[in-house]
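Below: work-v3.cif (mmCIF, C-alpha atoms)
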data_coords
loop_
_atom_site.label_atom_id
_atom_site.label_comp_id
_atom_site.auth_asym_id
_atom_site.auth_seq_id
_atom_site.Cartn_x
_atom_site.Cartn_y
_atom_site.Cartn_z
CA MET A 177 -1.38 2.56 30.22
CA LEU A 178 -2.03 0.85 33.48
CA THR A 179 -2.99 -2.79 33.94
CA ASP A 180 -5.94 -3.95 35.96
CA ALA A 181 -5.32 -5.45 39.38
CA PRO A 182 -5.73 -9.23 39.43
CA PRO A 183 -9.33 -10.14 40.29
CA ARG A 184 -10.23 -12.20 43.31
CA LYS A 185 -12.60 -14.25 41.15
CA ASN A 186 -11.07 -16.14 38.21
CA PRO A 187 -7.41 -15.23 38.78
CA VAL A 188 -6.46 -18.16 36.51
CA GLY A 189 -7.96 -16.47 33.42
CA PHE A 190 -6.30 -13.19 34.36
CA ARG A 191 -2.89 -14.87 34.73
CA GLU A 192 -3.37 -16.67 31.40
CA SER A 193 -4.20 -13.35 29.70
CA ASP A 194 -1.06 -11.86 31.22
CA ARG A 195 1.03 -14.82 29.99
CA ILE A 196 -0.03 -14.65 26.32
CA LYS A 197 2.19 -11.87 25.00
CA THR A 198 1.96 -12.38 21.25
CA LEU A 199 -0.62 -12.79 18.54
CA ASP A 200 -0.36 -14.42 15.13
CA VAL A 201 -0.99 -11.93 12.33
CA PRO A 202 -1.97 -12.50 8.70
CA GLN A 203 0.98 -13.04 6.40
CA ASN A 204 -0.67 -10.99 3.65
CA ARG A 205 -0.87 -7.19 3.53
CA GLN A 206 -4.67 -6.87 3.84
CA LEU A 207 -4.72 -5.21 7.27
CA LEU A 208 -1.89 -2.88 6.27
CA GLU A 209 -3.80 -1.86 3.12
CA ILE A 210 -6.96 -1.27 5.15
CA GLY A 211 -4.88 0.74 7.63
CA LYS A 212 -3.72 2.98 4.78
CA LEU A 213 -7.33 3.47 3.63
CA LEU A 214 -8.28 4.37 7.20
CA GLU A 215 -5.42 6.86 7.44
CA SER A 216 -6.50 8.57 4.19
CA ALA A 217 -10.12 8.72 5.32
CA MET A 218 -9.08 10.23 8.65
CA LYS A 219 -6.95 12.90 6.96
CA ALA A 220 -9.98 13.80 4.87
CA GLY A 221 -12.30 13.71 7.89
CA ALA A 222 -14.64 11.45 5.93
CA ALA A 223 -16.84 9.68 8.49
CA LYS A 224 -18.42 7.22 6.02
CA GLU A 225 -15.02 6.15 4.70
CA ILE A 226 -13.62 5.88 8.23
CA ARG A 227 -16.49 3.60 9.22
CA SER A 228 -16.11 1.56 6.02
CA ALA A 229 -12.38 1.05 6.64
CA CYS A 230 -13.09 0.02 10.25
CA VAL A 231 -15.69 -2.51 9.10
CA GLY A 232 -13.19 -3.83 6.55
CA PHE A 233 -10.56 -4.14 9.26
CA LEU A 234 -12.90 -5.99 11.62
CA THR A 235 -14.20 -8.30 8.88
CA THR A 236 -10.69 -9.18 7.69
CA ALA A 237 -9.32 -9.65 11.21
CA SER A 238 -12.35 -11.71 12.30
CA GLU A 239 -11.97 -14.01 9.31
CA PHE A 240 -8.26 -14.49 10.04
CA TYR A 241 -8.84 -15.22 13.74
CA ASP A 242 -11.92 -17.33 12.98
CA VAL A 243 -14.22 -15.39 15.30
CA PRO A 244 -17.63 -13.82 14.66
CA THR A 245 -17.41 -10.35 13.18
CA CYS A 246 -18.35 -7.67 15.67
CA GLY A 247 -20.41 -4.58 14.94
CA MET A 248 -18.91 -1.13 14.52
CA ARG A 249 -20.04 2.41 15.22
CA VAL A 250 -17.93 5.47 14.54
CA LEU A 251 -19.13 8.40 16.59
CA ALA A 252 -18.29 12.11 16.57
CA ALA A 253 -16.62 13.83 19.56
CA ARG A 254 -15.36 11.77 22.48
CA PRO A 255 -17.30 11.94 25.73
CA LEU A 256 -15.51 14.06 28.32
CA ARG A 257 -15.90 13.34 32.02
CA VAL A 258 -14.87 16.14 34.31
CA ARG A 259 -14.44 15.62 38.02
CA GLU A 260 -12.90 17.77 40.68
CA GLY A 261 -9.24 18.07 39.74
CA TRP A 262 -9.25 15.75 36.71
CA SER A 263 -10.92 14.90 33.43
CA THR A 264 -10.92 11.88 31.15
CA GLU A 265 -11.95 11.15 27.57
CA LEU A 266 -13.40 7.90 26.26
CA PHE A 267 -11.63 6.84 23.05
CA GLY A 268 -13.60 3.66 22.41
CA ASP A 269 -15.36 0.73 24.02
CA TYR A 270 -16.48 -2.83 23.39
CA THR A 271 -19.76 -4.33 24.59
CA PRO A 272 -19.43 -8.12 24.85
CA GLU A 273 -23.18 -8.82 24.98
CA THR A 274 -23.78 -7.16 21.60
CA MET A 275 -20.24 -7.62 20.21
CA LEU A 276 -20.22 -3.92 19.32
CA ILE A 277 -17.18 -1.67 19.12
CA ARG A 278 -17.69 2.08 19.36
CA LEU A 279 -14.92 4.53 18.47
CA TRP A 280 -14.96 8.31 18.65
CA MET A 281 -13.28 10.07 15.73
CA ARG A 282 -13.00 13.58 17.20
CA THR A 283 -11.32 14.98 20.28
CA ALA A 284 -13.56 15.96 23.19
CA VAL A 285 -12.66 19.61 23.62
CA ARG A 286 -11.55 20.96 20.23
CA LYS A 287 -13.65 18.50 18.17
CA GLU A 288 -10.66 17.87 15.89
CA ILE A 289 -10.13 14.60 14.03
CA THR A 290 -8.29 12.14 16.25
CA SER A 291 -4.78 11.26 15.10
CA PHE A 292 -4.59 8.16 12.94
CA GLY A 293 -2.22 6.39 15.34
CA THR A 294 -4.51 6.95 18.32
CA PHE A 295 -7.59 5.87 16.37
CA LEU A 296 -5.96 2.71 14.97
CA SER A 297 -4.55 1.85 18.38
CA THR A 298 -8.02 2.15 19.89
CA LEU A 299 -9.53 -0.01 17.14
CA CYS A 300 -6.92 -2.72 17.76
CA HIS A 301 -7.39 -2.43 21.53
CA GLU A 302 -11.16 -2.90 21.33
CA PHE A 303 -10.83 -5.75 18.82
CA CYS A 304 -8.45 -7.49 21.24
CA HIS A 305 -11.21 -7.39 23.88
CA HIS A 306 -13.36 -9.21 21.30
CA LEU A 307 -10.57 -11.76 20.72
CA ASP A 308 -10.16 -12.38 24.45
CA LEU A 309 -13.76 -13.47 24.72
CA GLN A 310 -14.30 -15.10 21.32
CA LYS A 311 -10.92 -16.69 20.54
CA PHE A 312 -9.17 -17.23 23.85
CA GLY A 313 -12.36 -18.08 25.73
CA PHE A 314 -11.67 -15.83 28.70
CA LYS A 315 -14.70 -15.12 30.88
CA ASP A 316 -13.65 -11.47 31.01
CA SER A 317 -11.20 -9.27 29.10
CA TRP A 318 -8.72 -7.66 31.43
CA HIS A 319 -6.10 -5.02 30.77
CA THR A 320 -3.09 -7.23 31.49
CA ARG A 321 0.47 -6.84 30.23
CA GLY A 322 -0.30 -9.66 27.80
CA PHE A 323 -3.41 -7.86 26.56
CA TYR A 324 -1.44 -4.68 25.81
CA GLU A 325 1.32 -6.73 24.15
CA ARG A 326 -1.22 -8.48 21.89
CA ALA A 327 -2.89 -5.18 20.97
CA ALA A 328 0.54 -3.73 20.12
CA VAL A 329 1.33 -6.66 17.80
CA LEU A 330 -1.93 -6.09 15.91
CA TYR A 331 -1.42 -2.31 15.80
CA HIS A 332 2.13 -2.43 14.45
CA HIS A 333 1.14 -5.07 11.89
CA ALA A 334 -1.79 -2.95 10.64
CA ARG A 335 0.33 0.20 10.61
CA GLY A 336 3.36 -1.43 9.01
CA THR A 337 5.70 -0.19 11.74
CA PRO A 338 8.33 -2.17 13.65
CA LEU A 339 7.11 -3.81 16.83
CA LYS A 340 8.54 -2.19 19.96
CA LYS A 341 9.40 -4.13 23.07
CA LEU A 342 7.19 -2.86 25.89
CA PHE A 343 8.95 -2.23 29.20
CA TRP A 344 6.91 -2.40 32.39
CA ILE A 345 7.16 -0.70 35.78
CA PRO A 346 5.55 -2.42 38.79
CA MET A 347 2.94 -0.39 40.67
CA THR A 348 1.10 -1.01 43.91
CA GLY A 349 -1.69 -3.60 44.04
CA GLU A 350 -0.01 -5.96 41.55
CA ARG A 351 -0.55 -3.48 38.74
CA TRP A 352 1.89 -2.46 36.03
CA ARG A 353 2.33 0.55 33.78
CA ILE A 354 4.27 0.95 30.56
CA ASP A 355 7.60 2.74 30.88
CA TRP A 356 7.17 4.88 27.76
CA GLN A 357 10.61 6.50 27.95
CA ARG A 358 12.39 3.15 27.95
CA THR A 359 9.95 1.63 25.44
CA ASN A 360 10.44 4.51 22.98
CA ARG A 361 14.24 4.40 23.38
CA SER A 362 14.43 0.68 22.66
CA GLY A 363 14.72 -0.88 19.25
CA LYS A 364 12.56 -3.61 17.80
CA HIS A 365 11.50 -6.79 19.61
#
Rewrite the coordinates I just gave you, this time as structure tokens.
Amino acid sequence: MLTDAPPRKNPVGFRESDRIKTLDVPQNRQLLEIGKLLESAMKAGAAKEIRSACVGFLTTASEFYDVPTCGMRVLAARPLRVREGWSTELFGDYTPETMLIRLWMRTAVRKEITSFGTFLSTLCHEFCHHLDLQKFGFKDSWHTRGFYERAAVLYHHARGTPLKKLFWIPMTGERWRIDWQRTNRSGKH
């Protein structure tokens, strides 16, 4: 995962997003229970149940964070973009104007069910874009180190796994990428 470069317009909001590295999470087990329902639905390949669990997740999280609930669409195979020498898949997206999250439940090439961890991570990621705009009041939602840290807090809470400390490597253009080897070797926060 690579962060965005700081924008020329509104660098204050970008820096604030980068600074906020944590997120309060519900003290009950509701998101964890919904995560387990989602995992079961994904193992069964049951699209209706996957969508229902996602809606439950978004409703519960939106109530906790006191933000409007966003819409949800679960789609089939991921879009695949192929260019000369590379290809990319779209896992999910968030449209601020309509407050709609779209997630793809199948891989682009083999059309297999996406792994639960990848799907839940994408759901948390897209919901954090919603939080940036609705809770934190940012004018845009950037991929900052803080953004990825907040999404990780939500993901590990919903999955019931220990939070990992993310380690970052500086890149050119004031960008950063996660050092996955060091992150995966480390213990908990």
- Top pick for closest residue to Lys340 in chain A, considering A:Cys230, A:Tyr324, A:Tyr270, A:Thr359 and counting only C-alpha atoms: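 For Lys340 in chain A, the nearest of the candidates is A:Thr359.
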- Point (-9.6, 6.8, 14.6) neighbourhood (6 Å, all atoms listed in the file) written as a PyMOL selection string: chain A and resi 281+290+292+295-296
Mind telling me what the PyMOL selection byres ((chain A and resi 227) around 12) catches here, as a PDB file with C-alpha atoms, in the frame of the given file?
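Once everything was written out, this is result.pdb:
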ATOM      1  CA  ILE A 210      -6.960  -1.270   5.150  1.00  0.00           C
ATOM      2  CA  LEU A 213      -7.330   3.470   3.630  1.00  0.00           C
ATOM      3  CA  LEU A 214      -8.280   4.370   7.200  1.00  0.00           C
ATOM      4  CA  GLU A 215      -5.420   6.860   7.440  1.00  0.00           C
ATOM      5  CA  ALA A 217     -10.120   8.720   5.320  1.00  0.00           C
ATOM      6  CA  MET A 218      -9.080  10.230   8.650  1.00  0.00           C
ATOM      7  CA  GLY A 221     -12.300  13.710   7.890  1.00  0.00           C
ATOM      8  CA  ALA A 222     -14.640  11.450   5.930  1.00  0.00           C
ATOM      9  CA  ALA A 223     -16.840   9.680   8.490  1.00  0.00           C
ATOM     10  CA  LYS A 224     -18.420   7.220   6.020  1.00  0.00           C
ATOM     11  CA  GLU A 225     -15.020   6.150   4.700  1.00  0.00           C
ATOM     12  CA  ILE A 226     -13.620   5.880   8.230  1.00  0.00           C
ATOM     13  CA  SER A 228     -16.110   1.560   6.020  1.00  0.00           C
ATOM     14  CA  ALA A 229     -12.380   1.050   6.640  1.00  0.00           C
ATOM     15  CA  CYS A 230     -13.090   0.020  10.250  1.00  0.00           C
ATOM     16  CA  VAL A 231     -15.690  -2.510   9.100  1.00  0.00           C
ATOM     17  CA  GLY A 232     -13.190  -3.830   6.550  1.00  0.00           C
ATOM     18  CA  PHE A 233     -10.560  -4.140   9.260  1.00  0.00           C
ATOM     19  CA  LEU A 234     -12.900  -5.990  11.620  1.00  0.00           C
ATOM     20  CA  GLY A 247     -20.410  -4.580  14.940  1.00  0.00           C
ATOM     21  CA  MET A 248     -18.910  -1.130  14.520  1.00  0.00           C
ATOM     22  CA  ARG A 249     -20.040   2.410  15.220  1.00  0.00           C
ATOM     23  CA  VAL A 250     -17.930   5.470  14.540  1.00  0.00           C
ATOM     24  CA  LEU A 251     -19.130   8.400  16.590  1.00  0.00           C
ATOM     25  CA  ALA A 252     -18.290  12.110  16.570  1.00  0.00           C
ATOM     26  CA  ILE A 277     -17.180  -1.670  19.120  1.00  0.00           C
ATOM     27  CA  ARG A 278     -17.690   2.080  19.360  1.00  0.00           C
ATOM     28  CA  LEU A 279     -14.920   4.530  18.470  1.00  0.00           C
ATOM     29  CA  TRP A 280     -14.960   8.310  18.650  1.00  0.00           C
ATOM     30  CA  MET A 281     -13.280  10.070  15.730  1.00  0.00           C
ATOM     31  CA  PHE A 295      -7.590   5.870  16.370  1.00  0.00           C
ATOM     32  CA  LEU A 299      -9.530  -0.010  17.140  1.00  0.00           C
TER      33      LEU A 299
END
- Task: Enter the distance from CA of Lys219 in chain A to CA of Lys341 in chain A, in Å, rounded to one decimal.
- Result: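 Answer for the CA of Lys219 in chain A to CA of Lys341 in chain A separation: 28.6 Å.
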- Message: I need the residue nearest His332 in chain A from this list: A:Arg257, A:Lys185, A:Arg191, A:His301. Use all atoms listed in the file for the distance.
- Response: A:His301
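By only C-alpha atoms, and with residues fewer than 6 positions from Tyr331 in chain A along its chain excluded, the set lying at most 12 Å from it is Thr198, Leu199, Val201, Leu207, Leu208, Gly211, Phe233, Ala237, Phe292, Gly293, Thr294, Phe295, Leu296, Ser297, Thr298, Leu299, Cys300, His301, Glu302, Phe303, Cys304, Tyr324, Glu325, Thr337, Pro338, Leu339 and Lys340 of chain A.
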- Note on the structure: Taken to one decimal, the CA of Gln206 in chain A-CA of Thr236 in chain A distance is 7.5 Å
- Task: Give as a PyMOL selection string the residues that the PyMOL selection byres ((chain A and resi 342-346) around 12) matches when applied to the coordinates above.
- Result: chain A and resi 177-181+197-198+320-329+339-341+347-365
- Best match for closeness to Asp242 in chain A among A:Leu307, A:Leu330, A:Val285, A:Ala220, counting all atoms listed in the file: A:Leu307
Reference answer for the PyMOL selection byres ((chain A and resi 315-318) around 7), as a JSON list (two decimals) with C-alpha atoms, in the coordinates of the input:
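Generated output (selection29.json):
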[["chain", "number", "residue", "atom", "x", "y", "z"],
["A", 180, "ASP", "CA", -5.94, -3.95, 35.96],
["A", 190, "PHE", "CA", -6.30, -13.19, 34.36],
["A", 305, "HIS", "CA", -11.21, -7.39, 23.88],
["A", 308, "ASP", "CA", -10.16, -12.38, 24.45],
["A", 309, "LEU", "CA", -13.76, -13.47, 24.72],
["A", 313, "GLY", "CA", -12.36, -18.08, 25.73],
["A", 314, "PHE", "CA", -11.67, -15.83, 28.70],
["A", 319, "HIS", "CA", -6.10, -5.02, 30.77],
["A", 320, "THR", "CA", -3.09, -7.23, 31.49]]
- Query: Looking at A:Arg184, A:His333, A:Arg254, A:Arg205, which one is nearest to Lys287 in chain A, with distances taken over all atoms listed in the file?
  - Reply: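 Closest to Lys287 in chain A of all the choices is A:Arg254.
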- Item | Best match for closeness to Val243 in chain A among A:Gln310, A:Ser291, A:Ser263, A:Gly268, counting all atoms listed in the file |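 Using all atoms listed in the file, the shortest distance to Val243 in chain A belongs to A:Gln310.
For the residues A:Arg259, A:Phe312, A:Arg335, A:Ser238, ranking by smallest atom-to-atom distance to Ile196 in chain A using all atoms listed in the file places A:Phe312 first.
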